[in-house]
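Source file: coords-v9.txt (compact mmCIF, C-alpha atoms)
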# COMPACT_ATOMS: atom_id res chain seq x y z
CA MET P 1 18.24 -2.21 24.74
CA MET P 2 15.05 -0.18 24.46
CA LEU P 3 12.21 -1.39 22.29
CA ALA P 4 11.23 0.73 19.31
CA ALA P 5 7.98 2.68 19.36
CA PRO P 6 5.21 1.12 17.24
CA ALA P 7 5.33 1.80 13.50
CA THR P 8 8.71 3.58 13.56
CA ALA P 9 11.78 3.02 11.41
CA THR P 10 14.66 1.47 13.37
CA LEU P 11 17.46 1.28 10.79
CA THR P 12 18.55 2.54 7.38
CA ILE P 13 19.30 0.92 4.06
CA GLY P 14 22.99 1.22 4.94
CA ASP P 15 22.42 -0.90 8.03
CA LEU P 16 21.15 -3.80 5.88
CA ILE P 17 24.05 -3.90 3.43
CA ASN P 18 26.15 -6.33 5.49
CA LYS P 19 23.18 -8.70 5.74
CA VAL P 20 22.83 -8.65 1.95
CA LYS P 21 26.55 -9.24 1.52
CA ALA P 22 26.42 -12.16 3.98
CA ASP P 23 23.52 -13.71 2.01
CA LEU P 24 25.79 -13.57 -1.05
CA GLN P 25 28.60 -15.40 0.78
CA ASN P 26 30.56 -12.22 1.49
CA ARG P 27 31.56 -11.65 -2.12
CA SER P 28 34.08 -8.85 -2.54
CA ASP P 29 32.18 -7.35 -5.50
CA VAL P 30 29.10 -6.74 -3.35
CA ASN P 31 29.83 -3.23 -2.11
CA GLU P 32 28.88 0.42 -2.47
CA THR P 33 31.97 1.43 -4.43
CA VAL P 34 30.91 -0.26 -7.69
CA SER P 35 30.83 2.35 -10.47
CA ASN P 36 27.36 1.40 -11.68
CA PRO P 37 24.92 2.49 -8.93
CA GLU P 38 22.44 -0.20 -9.96
CA MET P 39 25.02 -2.87 -9.09
CA ARG P 40 25.24 -1.72 -5.48
CA PRO P 41 23.46 -3.45 -2.57
CA SER P 42 21.62 -0.22 -1.73
CA ALA P 43 19.90 -0.31 -5.13
CA TRP P 44 18.85 -3.96 -4.63
CA ILE P 45 17.45 -3.07 -1.20
CA ARG P 46 15.60 -0.07 -2.68
CA ASP P 47 13.94 -2.23 -5.34
CA THR P 48 12.99 -4.86 -2.77
CA LEU P 49 11.40 -2.21 -0.55
CA ARG P 50 9.46 -0.90 -3.53
CA GLU P 51 8.12 -4.34 -4.37
CA LEU P 52 7.17 -5.38 -0.84
CA SER P 53 5.60 -2.06 0.12
CA ALA P 54 3.46 -2.05 -3.03
CA ASN P 55 2.06 -5.51 -2.24
CA TYR P 56 1.63 -5.60 1.55
CA PRO P 57 0.28 -3.10 4.10
CA PHE P 58 2.81 -1.84 6.64
CA GLU P 59 1.90 0.32 9.61
CA GLU P 60 5.12 2.32 9.14
CA LEU P 61 3.74 3.63 5.83
CA ARG P 62 0.06 4.13 6.64
CA VAL P 63 -1.21 7.71 6.91
CA THR P 64 -4.45 9.65 6.76
CA GLY P 65 -5.02 12.28 4.12
CA PRO P 66 -6.53 15.73 4.60
CA LEU P 67 -10.24 16.43 4.94
CA VAL P 68 -11.44 17.36 1.45
CA THR P 69 -14.72 18.99 0.46
CA ILE P 70 -16.45 17.53 -2.60
CA GLY P 71 -19.60 18.95 -4.09
CA PRO P 72 -21.17 20.64 -7.12
CA GLY P 73 -18.45 22.19 -9.29
CA LEU P 74 -15.61 21.43 -6.84
CA GLY P 75 -13.95 18.71 -8.91
CA TRP P 76 -11.49 18.73 -11.79
CA ASN P 77 -12.44 21.42 -14.34
CA ASN P 78 -15.57 22.17 -12.26
CA SER P 79 -16.73 18.56 -12.43
CA ASN P 80 -19.25 17.32 -9.90
CA TYR P 81 -18.00 13.71 -9.79
CA MET P 82 -14.32 13.67 -10.90
CA TYR P 83 -11.54 14.67 -8.46
CA PRO P 84 -7.72 14.35 -8.65
CA VAL P 85 -6.37 11.65 -6.33
CA SER P 86 -3.71 14.15 -5.22
CA MET P 87 -6.44 16.23 -3.51
CA PHE P 88 -6.85 13.44 -0.95
CA LEU P 89 -3.11 12.95 -0.26
CA ASN P 90 -0.74 14.88 1.94
CA PRO P 91 1.57 17.25 0.01
CA GLY P 92 4.32 15.39 -1.86
CA ASP P 93 2.82 11.93 -1.27
CA ASP P 94 2.17 9.15 -3.74
CA VAL P 95 0.05 6.15 -2.81
CA THR P 96 0.33 2.37 -3.18
CA LEU P 97 -2.60 0.95 -1.19
CA THR P 98 -5.78 2.69 -0.05
CA GLU P 99 -8.65 2.01 2.26
CA ASP P 100 -12.12 3.09 1.14
CA PRO P 101 -12.65 6.86 1.30
CA VAL P 102 -14.83 7.98 4.22
CA ILE P 103 -17.62 10.49 3.62
CA PHE P 104 -19.08 12.53 6.49
CA LEU P 105 -22.76 13.36 6.53
CA SER P 106 -24.55 15.71 8.88
CA GLY P 107 -27.57 14.39 10.73
CA THR P 108 -29.90 15.94 8.17
CA GLN P 109 -27.90 14.59 5.21
CA ALA P 110 -27.73 11.13 6.75
CA ALA P 111 -31.45 11.08 7.49
CA SER P 112 -32.24 12.10 3.90
CA ALA P 113 -30.19 9.10 2.74
CA GLY P 114 -32.04 6.82 5.15
CA ILE P 115 -29.01 6.03 7.31
CA VAL P 116 -29.64 7.53 10.75
CA ALA P 117 -32.24 9.57 12.57
CA ILE P 118 -32.17 13.31 12.04
CA THR P 119 -31.18 13.80 15.69
CA SER P 120 -27.71 12.36 15.01
CA ASN P 121 -24.97 14.97 14.80
CA VAL P 122 -22.66 13.46 12.17
CA VAL P 123 -21.94 10.06 10.68
CA GLY P 124 -18.90 8.75 8.80
CA TYR P 125 -19.68 6.27 6.04
CA ALA P 126 -17.09 4.24 4.11
CA MET P 127 -17.65 4.34 0.36
CA ASP P 128 -17.77 1.11 -1.64
CA TYR P 129 -15.56 0.48 -4.67
CA LEU P 130 -17.07 -0.21 -8.09
CA THR P 131 -15.19 -0.84 -11.32
CA PRO P 132 -15.13 2.06 -13.81
CA LYS P 133 -17.67 0.17 -15.94
CA ALA P 134 -20.04 -0.54 -13.07
CA ILE P 135 -20.08 3.03 -11.77
CA GLN P 136 -20.99 4.61 -15.12
CA SER P 137 -24.73 4.46 -14.42
CA LEU P 138 -24.23 6.55 -11.27
CA LEU P 139 -21.82 9.22 -12.52
CA PHE P 140 -24.41 11.31 -14.30
CA ILE P 141 -27.17 11.16 -11.70
CA PRO P 142 -27.16 14.62 -10.06
CA GLY P 143 -28.15 15.56 -6.57
CA GLY P 144 -27.31 12.35 -4.73
CA VAL P 145 -24.99 11.12 -1.99
CA PRO P 146 -21.77 9.60 -3.42
CA PHE P 147 -21.56 6.28 -1.59
CA LYS P 148 -19.66 4.63 -4.49
CA TYR P 149 -16.27 5.41 -5.98
CA THR P 150 -13.68 4.17 -8.42
CA ARG P 151 -10.20 5.20 -9.49
CA TYR P 152 -9.38 5.91 -13.12
CA GLY P 153 -5.83 7.07 -13.86
CA ASN P 154 -5.06 9.98 -11.54
CA MET P 155 -8.73 10.65 -10.76
CA PHE P 156 -11.35 9.46 -8.32
CA TRP P 157 -14.88 9.20 -9.69
CA PHE P 158 -17.73 9.49 -7.16
CA GLY P 159 -21.29 8.37 -7.81
CA SER P 160 -23.92 9.49 -7.70
CA GLN P 161 -22.93 13.11 -8.21
CA PRO P 162 -22.92 14.99 -4.89
CA GLY P 163 -25.88 17.34 -4.73
CA GLN P 164 -24.30 19.37 -1.94
CA ASN P 165 -20.96 19.66 -0.20
CA TYR P 166 -19.58 16.68 1.74
CA ASN P 167 -16.33 16.18 3.63
CA VAL P 168 -14.22 13.16 2.60
CA TYR P 169 -10.89 11.76 3.77
CA LEU P 170 -8.75 8.88 2.52
CA PRO P 171 -6.68 6.51 4.71
CA TYR P 172 -3.82 5.26 2.54
CA GLN P 173 -0.34 3.74 2.41
CA VAL P 174 2.26 6.16 1.14
CA ARG P 175 4.77 4.93 -1.43
CA HIS P 176 8.05 4.13 0.33
CA PRO P 177 10.22 7.29 0.20
CA PHE P 178 13.96 7.29 -0.48
CA ASN P 179 16.65 9.85 0.29
CA PRO P 180 18.96 11.09 -2.50
CA SER P 181 21.66 9.22 -0.58
CA LEU P 182 20.12 5.75 -0.58
CA VAL P 183 22.18 4.39 2.31
CA SER P 184 20.72 7.02 4.69
CA THR P 185 17.10 6.13 3.86
CA PRO P 186 15.10 4.85 6.87
CA VAL P 187 13.59 1.41 6.23
CA ARG P 188 9.91 1.87 6.98
CA MET P 189 9.03 -1.74 7.67
CA PRO P 190 8.84 -3.82 10.87
CA GLN P 191 11.91 -5.57 12.26
CA ASP P 192 10.60 -9.06 11.54
CA TRP P 193 10.76 -8.24 7.81
CA PHE P 194 14.45 -7.27 7.80
CA ASP P 195 15.69 -10.74 6.83
CA ILE P 196 13.06 -10.88 4.06
CA ILE P 197 14.30 -7.53 2.73
CA ALA P 198 17.93 -8.70 2.85
CA TYR P 199 17.24 -12.00 1.10
CA GLY P 200 15.08 -10.26 -1.48
CA ALA P 201 17.89 -7.81 -2.20
CA ALA P 202 20.42 -10.66 -2.33
CA GLU P 203 18.28 -12.48 -4.89
CA ARG P 204 18.31 -9.36 -7.05
CA GLY P 205 22.05 -9.09 -6.58
CA ALA P 206 22.62 -12.71 -7.56
CA ILE P 207 20.66 -12.13 -10.76
CA ALA P 208 22.68 -9.00 -11.53
CA LEU P 209 25.93 -10.91 -10.89
CA ARG P 210 24.74 -13.79 -13.13
CA TRP P 211 24.85 -16.16 -10.18
CA ASN P 212 21.73 -17.97 -11.25
CA ASP P 213 21.90 -21.02 -9.00
CA GLN P 214 22.29 -18.78 -5.92
CA ALA P 215 19.36 -16.63 -7.06
CA ALA P 216 17.15 -19.73 -7.36
CA PHE P 217 18.34 -21.01 -3.97
CA ILE P 218 17.62 -17.70 -2.24
CA HIS P 219 14.18 -17.53 -3.83
CA THR P 220 13.40 -20.95 -2.37
CA ILE P 221 14.61 -19.77 1.03
CA LEU P 222 12.38 -16.69 0.82
CA TYR P 223 9.28 -18.87 0.49
CA GLY P 224 10.18 -21.50 3.05
CA ASP P 225 6.67 -22.23 4.30
CA PRO P 226 4.67 -24.54 1.99
CA LYS P 227 1.53 -23.71 3.99
CA SER P 228 1.62 -20.20 2.54
CA MET P 229 0.64 -21.60 -0.85
CA ILE P 230 -2.53 -20.13 -2.40
CA PRO P 231 -5.05 -23.00 -2.64
CA GLY P 232 -5.57 -24.29 -6.14
CA THR P 233 -2.88 -22.14 -7.74
CA GLY P 234 0.42 -23.80 -6.86
CA GLU P 235 1.76 -20.32 -6.06
CA LEU P 236 3.31 -19.25 -2.77
CA ALA P 237 1.40 -16.41 -1.20
CA ARG P 238 3.84 -14.70 1.17
CA PRO P 239 7.55 -14.74 1.90
CA GLY P 240 8.79 -16.20 5.15
CA LEU P 241 11.87 -18.27 5.94
CA ILE P 242 10.16 -20.48 8.53
CA ALA P 243 6.52 -19.45 8.28
CA GLY P 244 4.63 -17.16 5.92
CA LYS P 245 4.71 -13.62 7.30
CA ILE P 246 1.74 -12.39 9.32
CA LEU P 247 0.71 -8.78 8.81
CA GLN P 248 0.13 -6.45 11.74
CA GLN P 249 -3.57 -6.11 10.92
CA GLU P 250 -3.93 -9.89 11.21
CA ARG P 251 -2.23 -9.86 14.59
CA ASP P 252 -4.49 -7.06 15.81
CA ARG P 253 -7.72 -8.83 14.88
CA ARG P 254 -6.75 -12.38 15.80
CA VAL P 255 -9.02 -12.54 18.88
CA SER P 256 -11.86 -10.39 17.55
CA ALA P 257 -15.12 -11.55 16.03
CA VAL P 258 -15.33 -11.10 12.28
CA GLN P 259 -18.42 -9.50 10.78
CA VAL P 260 -19.45 -10.80 7.37
CA ILE P 261 -21.93 -8.76 5.34
CA PRO P 262 -23.36 -10.68 2.36
CA GLY P 263 -23.85 -8.70 -0.81
CA ALA P 264 -23.56 -8.70 -4.56
CA GLN P 265 -22.86 -6.12 -7.20
CA ARG P 266 -22.27 -5.95 -10.90
CA TYR P 267 -18.79 -6.80 -12.21
Output the structure of this file as structure tokens.
Amino acid sequence: MMLAAPATATLTIGDLINKVKADLQNRSDVNETVSNPEMRPSAWIRDTLRELSANYPFEELRVTGPLVTIGPGLGWNNSNYMYPVSMFLNPGDDVTLTEDPVIFLSGTQAASAGIVAITSNVVGYAMDYLTPKAIQSLLFIPGGVPFKYTRYGNMFWFGSQPGQNYNVYLPYQVRHPFNPSLVSTPVRMPQDWFDIIAYGAAERGAIALRWNDQAAFIHTILYGDPKSMIPGTGELARPGLIAGKILQQERDRRVSAVQVIPGAQRY
């Protein structure tokens, strides 16, 4: 058996249905022929994928948006600082999780901002997030370099207002897509999450079937590692039958030094 390439889908929703049915003790009413589509295992799997992919980063869903030019009058309704989020996404995408946008400065632009010497060719600089309240004092300052950003509704706000054109791109996690035929939808999550997806879907199914004690039991199984509890809250942080799940980013950085930059900002 060949190993899958990194960050690729290896099965479909239809491939997980038997696992969900097994987690519900092979009940005969757990099948895809039920008249109400929301009572089918594929719908429970879909909703579980939506929930997990909105809360956790998965390499199978991470993409990079297009290079976008921001500058005077290039924003929404000729705004200098306000830009639709959709400008920074690939066509047809929606987004669940984002990294900080990256702004590119030429050597001259960077030197004028006090970042690098004028001899440098280009520098990429990650913007820092501020709350909508905290960024207000920057939004109406013209002629600056927008090192800060926030999101408000379907817009990004950049501050201070860009005084000239800059190139920006956004690394982000796309919202999990689904085919019109749910069972043919590729599951864009790693293989070690498949049992979590199946149990999560089975818990939803048990609730829909009014099998409350099984739903509670499955929920306990899903959070089987007491060490995953968030300190001081009494809440379990991550699912995991034996141990709380480790994300790929945590695996990648496990032997690397961690840089900590102290800082403080309003709000």
- Message: Between CA of Asp47 (chain P) and CA of Gln25 (chain P), what distance in Å does the model show, to one decimal?
- Response: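 So the answer is 20.6 Å.
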- Task: Could you check how far CA of Phe156 (chain P) sits from CA of Arg50 (chain P), in Å to one decimal?
- Result: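 CA of Arg50 (chain P) lies at a distance of 23.7 Å from CA of Phe156 (chain P).
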Can you build me a table of region 119-229 of chain P residues sitting at most 8 Å from region 37-45 of chain P, with the closest atom pair per residue and its distance in Å to one decimal, using all atoms listed in the file, sorted by chain and residue number, as JSON lines?
{"residue": "P:Leu182", "atom": "CA", "partner": "P:Ser42", "partner_atom": "CA", "distance": 6.3}
{"residue": "P:Val183", "atom": "CA", "partner": "P:Ser42", "partner_atom": "CA", "distance": 6.2}
{"residue": "P:Ile197", "atom": "CA", "partner": "P:Ile45", "partner_atom": "CA", "distance": 6.7}
{"residue": "P:Ala198", "atom": "CA", "partner": "P:Ile45", "partner_atom": "CA", "distance": 7.0}
{"residue": "P:Gly200", "atom": "CA", "partner": "P:Ile45", "partner_atom": "CA", "distance": 7.6}
{"residue": "P:Ala201", "atom": "CA", "partner": "P:Trp44", "partner_atom": "CA", "distance": 4.7}
{"residue": "P:Ala202", "atom": "CA", "partner": "P:Trp44", "partner_atom": "CA", "distance": 7.3}
{"residue": "P:Arg204", "atom": "CA", "partner": "P:Trp44", "partner_atom": "CA", "distance": 5.9}
{"residue": "P:Gly205", "atom": "CA", "partner": "P:Trp44", "partner_atom": "CA", "distance": 6.4}
{"residue": "P:Ala208", "atom": "CA", "partner": "P:Met39", "partner_atom": "CA", "distance": 7.0}
- Protein/DNA/RNA residues near (-5.5, 7.6, 7.9), cut 10 Å, only C-alpha atoms, as a VMD selection string: chain P and resid 62 to 66 98 to 99 101 169 to 173
- Query: So which one's closest to Gly244 (chain P), P:Ile196, P:Ile207, P:Leu74, P:Val102? Using all atoms listed in the file, please.
  - Reply: P:Ile196
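Closest approach to Pro177 (chain P) from the set P:Ser86, P:Thr96, P:Thr131, P:Thr69 is made by P:Thr96, with distances taken over all atoms listed in the file.
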- Message: Using Å and a single decimal, report how far CA of Leu89 (chain P) sits from CA of Pro162 (chain P).
- Response: 20.4 Å
- Task: Go ahead and find all residues with at least one atom no further than 7 Å from (-19.7, 8.5, 2.8) in the file's coordinates, using only C-alpha atoms; report them as JSON, numbers by chain.
- Result: {"P": [102, 103, 104, 105, 124, 125, 126, 127, 146, 147]}
Any chance you could export the current selection's C-alpha atoms as a short mmCIF file (atom, residue, chain, number, x, y, z; two decimals), in the frame of the given file?
data_model
loop_
_atom_site.label_atom_id
_atom_site.label_comp_id
_atom_site.auth_asym_id
_atom_site.auth_seq_id
_atom_site.Cartn_x
_atom_site.Cartn_y
_atom_site.Cartn_z
CA VAL P 102 -14.83 7.98 4.22
CA ILE P 103 -17.62 10.49 3.62
CA PHE P 104 -19.08 12.53 6.49
CA LEU P 105 -22.76 13.36 6.53
CA GLY P 124 -18.90 8.75 8.80
CA TYR P 125 -19.68 6.27 6.04
CA ALA P 126 -17.09 4.24 4.11
CA MET P 127 -17.65 4.34 0.36
CA PRO P 146 -21.77 9.60 -3.42
CA PHE P 147 -21.56 6.28 -1.59
#
Do a neighbour search on Tyr129 (chain P) at 9 Å with only C-alpha atoms, toss out local chain neighbours closer than 5 positions, and write the hits as an mmCIF file with C-alpha atoms, keeping the file's coordinate frame.
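Everything below was put into selection-v5.cif:
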data_model
loop_
_atom_site.group_PDB
_atom_site.id
_atom_site.type_symbol
_atom_site.label_atom_id
_atom_site.label_comp_id
_atom_site.auth_asym_id
_atom_site.auth_seq_id
_atom_site.Cartn_x
_atom_site.Cartn_y
_atom_site.Cartn_z
ATOM 1 C CA ASP P 100 -12.120 3.090 1.140
ATOM 2 C CA ILE P 135 -20.080 3.030 -11.770
ATOM 3 C CA PHE P 147 -21.560 6.280 -1.590
ATOM 4 C CA LYS P 148 -19.660 4.630 -4.490
ATOM 5 C CA TYR P 149 -16.270 5.410 -5.980
ATOM 6 C CA THR P 150 -13.680 4.170 -8.420
ATOM 7 C CA ARG P 151 -10.200 5.200 -9.490
#
- Query: Closest to Leu209 (chain P) among P:Ile17, P:Leu11, P:Val187, P:Val30, using only C-alpha atoms?
  - Reply: P:Val30
- Message: Which residue is closest to Ala5 (chain P)? Choose from P:Glu60, P:Trp211, P:Tyr199, P:Trp193 and count only C-alpha atoms.
- Response: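 Under the stated criterion, the closest residue is P:Glu60.
Remark: for Tyr152 (chain P), the closest of the candidate residues P:Asn212, P:Val85, P:Asn18, P:Asn121 is P:Val85 (distances computed over all atoms listed in the file).
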- P:Ser160, P:Asn31, P:Thr12, P:Asn55 ranked by distance to Ala237 (chain P), top pick (using only C-alpha atoms): P:Asn55
Reconstructed all heavy atoms for region 59-70 of chain P, given as a PDB file, keeping the file's coordinate frame:
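Output file rebuild22.pdb follows:
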ATOM      1  N   GLU P  59       2.327  -0.778   8.758  1.00  0.00           N
ATOM      2  CA  GLU P  59       1.900   0.320   9.610  1.00  0.00           C
ATOM      3  C   GLU P  59       2.843   1.515   9.510  1.00  0.00           C
ATOM      4  O   GLU P  59       2.429   2.664   9.682  1.00  0.00           O
ATOM      5  CB  GLU P  59       1.804  -0.147  11.066  1.00  0.00           C
ATOM      6  CG  GLU P  59       0.861  -1.309  11.300  1.00  0.00           C
ATOM      7  CD  GLU P  59      -0.546  -1.035  10.801  1.00  0.00           C
ATOM      8  OE1 GLU P  59      -1.019   0.113  10.934  1.00  0.00           O
ATOM      9  OE2 GLU P  59      -1.173  -1.969  10.260  1.00  0.00           O
ATOM     10  N   GLU P  60       4.113   1.252   9.234  1.00  0.00           N
ATOM     11  CA  GLU P  60       5.120   2.320   9.140  1.00  0.00           C
ATOM     12  C   GLU P  60       4.849   3.263   7.969  1.00  0.00           C
ATOM     13  O   GLU P  60       5.424   4.364   7.904  1.00  0.00           O
ATOM     14  CB  GLU P  60       6.511   1.716   9.012  1.00  0.00           C
ATOM     15  CG  GLU P  60       7.003   0.973  10.236  1.00  0.00           C
ATOM     16  CD  GLU P  60       6.408  -0.431  10.378  1.00  0.00           C
ATOM     17  OE1 GLU P  60       5.643  -0.864   9.482  1.00  0.00           O
ATOM     18  OE2 GLU P  60       6.714  -1.086  11.389  1.00  0.00           O
ATOM     19  N   LEU P  61       4.005   2.843   7.033  1.00  0.00           N
ATOM     20  CA  LEU P  61       3.740   3.630   5.830  1.00  0.00           C
ATOM     21  C   LEU P  61       2.299   4.125   5.744  1.00  0.00           C
ATOM     22  O   LEU P  61       1.944   4.818   4.797  1.00  0.00           O
ATOM     23  CB  LEU P  61       4.061   2.809   4.580  1.00  0.00           C
ATOM     24  CG  LEU P  61       5.534   2.459   4.358  1.00  0.00           C
ATOM     25  CD1 LEU P  61       5.681   1.378   3.294  1.00  0.00           C
ATOM     26  CD2 LEU P  61       6.320   3.707   3.941  1.00  0.00           C
ATOM     27  N   ARG P  62       1.479   3.774   6.727  1.00  0.00           N
ATOM     28  CA  ARG P  62       0.060   4.130   6.640  1.00  0.00           C
ATOM     29  C   ARG P  62      -0.181   5.512   7.237  1.00  0.00           C
ATOM     30  O   ARG P  62       0.294   5.827   8.327  1.00  0.00           O
ATOM     31  CB  ARG P  62      -0.797   3.085   7.371  1.00  0.00           C
ATOM     32  CG  ARG P  62      -0.644   1.700   6.790  1.00  0.00           C
ATOM     33  CD  ARG P  62      -1.459   0.691   7.570  1.00  0.00           C
ATOM     34  NE  ARG P  62      -2.704   0.369   6.889  1.00  0.00           N
ATOM     35  CZ  ARG P  62      -3.696  -0.321   7.436  1.00  0.00           C
ATOM     36  NH1 ARG P  62      -3.601  -0.722   8.684  1.00  0.00           N
ATOM     37  NH2 ARG P  62      -4.781  -0.597   6.745  1.00  0.00           N
ATOM     38  N   VAL P  63      -0.918   6.335   6.496  1.00  0.00           N
ATOM     39  CA  VAL P  63      -1.210   7.710   6.910  1.00  0.00           C
ATOM     40  C   VAL P  63      -2.673   8.020   6.597  1.00  0.00           C
ATOM     41  O   VAL P  63      -3.362   7.241   5.933  1.00  0.00           O
ATOM     42  CB  VAL P  63      -0.290   8.726   6.207  1.00  0.00           C
ATOM     43  CG1 VAL P  63       1.171   8.489   6.550  1.00  0.00           C
ATOM     44  CG2 VAL P  63      -0.482   8.662   4.688  1.00  0.00           C
ATOM     45  N   THR P  64      -3.110   9.159   7.061  1.00  0.00           N
ATOM     46  CA  THR P  64      -4.450   9.650   6.760  1.00  0.00           C
ATOM     47  C   THR P  64      -4.329  10.957   6.009  1.00  0.00           C
ATOM     48  O   THR P  64      -3.569  11.842   6.407  1.00  0.00           O
ATOM     49  CB  THR P  64      -5.259   9.868   8.056  1.00  0.00           C
ATOM     50  OG1 THR P  64      -5.413   8.617   8.718  1.00  0.00           O
ATOM     51  CG2 THR P  64      -6.630  10.436   7.745  1.00  0.00           C
ATOM     52  N   GLY P  65      -5.067  11.065   4.911  1.00  0.00           N
ATOM     53  CA  GLY P  65      -5.020  12.280   4.120  1.00  0.00           C
ATOM     54  C   GLY P  65      -5.831  13.405   4.724  1.00  0.00           C
ATOM     55  O   GLY P  65      -6.492  13.247   5.757  1.00  0.00           O
ATOM     56  N   PRO P  66      -5.802  14.563   4.081  1.00  0.00           N
ATOM     57  CA  PRO P  66      -6.530  15.730   4.600  1.00  0.00           C
ATOM     58  C   PRO P  66      -8.035  15.578   4.412  1.00  0.00           C
ATOM     59  O   PRO P  66      -8.502  14.745   3.630  1.00  0.00           O
ATOM     60  CB  PRO P  66      -5.978  16.874   3.749  1.00  0.00           C
ATOM     61  CG  PRO P  66      -5.598  16.214   2.444  1.00  0.00           C
ATOM     62  CD  PRO P  66      -5.088  14.849   2.828  1.00  0.00           C
ATOM     63  N   LEU P  67      -8.794  16.379   5.126  1.00  0.00           N
ATOM     64  CA  LEU P  67     -10.240  16.430   4.940  1.00  0.00           C
ATOM     65  C   LEU P  67     -10.526  17.294   3.713  1.00  0.00           C
ATOM     66  O   LEU P  67     -10.118  18.452   3.648  1.00  0.00           O
ATOM     67  CB  LEU P  67     -10.912  17.012   6.180  1.00  0.00           C
ATOM     68  CG  LEU P  67     -12.405  16.773   6.339  1.00  0.00           C
ATOM     69  CD1 LEU P  67     -12.694  15.279   6.491  1.00  0.00           C
ATOM     70  CD2 LEU P  67     -12.944  17.545   7.542  1.00  0.00           C
ATOM     71  N   VAL P  68     -11.207  16.714   2.735  1.00  0.00           N
ATOM     72  CA  VAL P  68     -11.440  17.360   1.450  1.00  0.00           C
ATOM     73  C   VAL P  68     -12.941  17.567   1.261  1.00  0.00           C
ATOM     74  O   VAL P  68     -13.743  16.680   1.571  1.00  0.00           O
ATOM     75  CB  VAL P  68     -10.890  16.508   0.288  1.00  0.00           C
ATOM     76  CG1 VAL P  68     -11.187  17.157  -1.064  1.00  0.00           C
ATOM     77  CG2 VAL P  68      -9.386  16.300   0.457  1.00  0.00           C
ATOM     78  N   THR P  69     -13.314  18.725   0.754  1.00  0.00           N
ATOM     79  CA  THR P  69     -14.720  18.990   0.460  1.00  0.00           C
ATOM     80  C   THR P  69     -15.007  18.681  -1.001  1.00  0.00           C
ATOM     81  O   THR P  69     -14.343  19.207  -1.894  1.00  0.00           O
ATOM     82  CB  THR P  69     -15.083  20.456   0.757  1.00  0.00           C
ATOM     83  OG1 THR P  69     -14.801  20.749   2.126  1.00  0.00           O
ATOM     84  CG2 THR P  69     -16.560  20.719   0.481  1.00  0.00           C
ATOM     85  N   ILE P  70     -15.971  17.790  -1.234  1.00  0.00           N
ATOM     86  CA  ILE P  70     -16.450  17.530  -2.600  1.00  0.00           C
ATOM     87  C   ILE P  70     -17.869  18.054  -2.695  1.00  0.00           C
ATOM     88  O   ILE P  70     -18.590  18.158  -1.701  1.00  0.00           O
ATOM     89  CB  ILE P  70     -16.390  16.025  -2.945  1.00  0.00           C
ATOM     90  CG1 ILE P  70     -17.377  15.213  -2.086  1.00  0.00           C
ATOM     91  CG2 ILE P  70     -14.971  15.489  -2.773  1.00  0.00           C
ATOM     92  CD1 ILE P  70     -17.498  13.752  -2.515  1.00  0.00           C
TER      93      ILE P  70
END
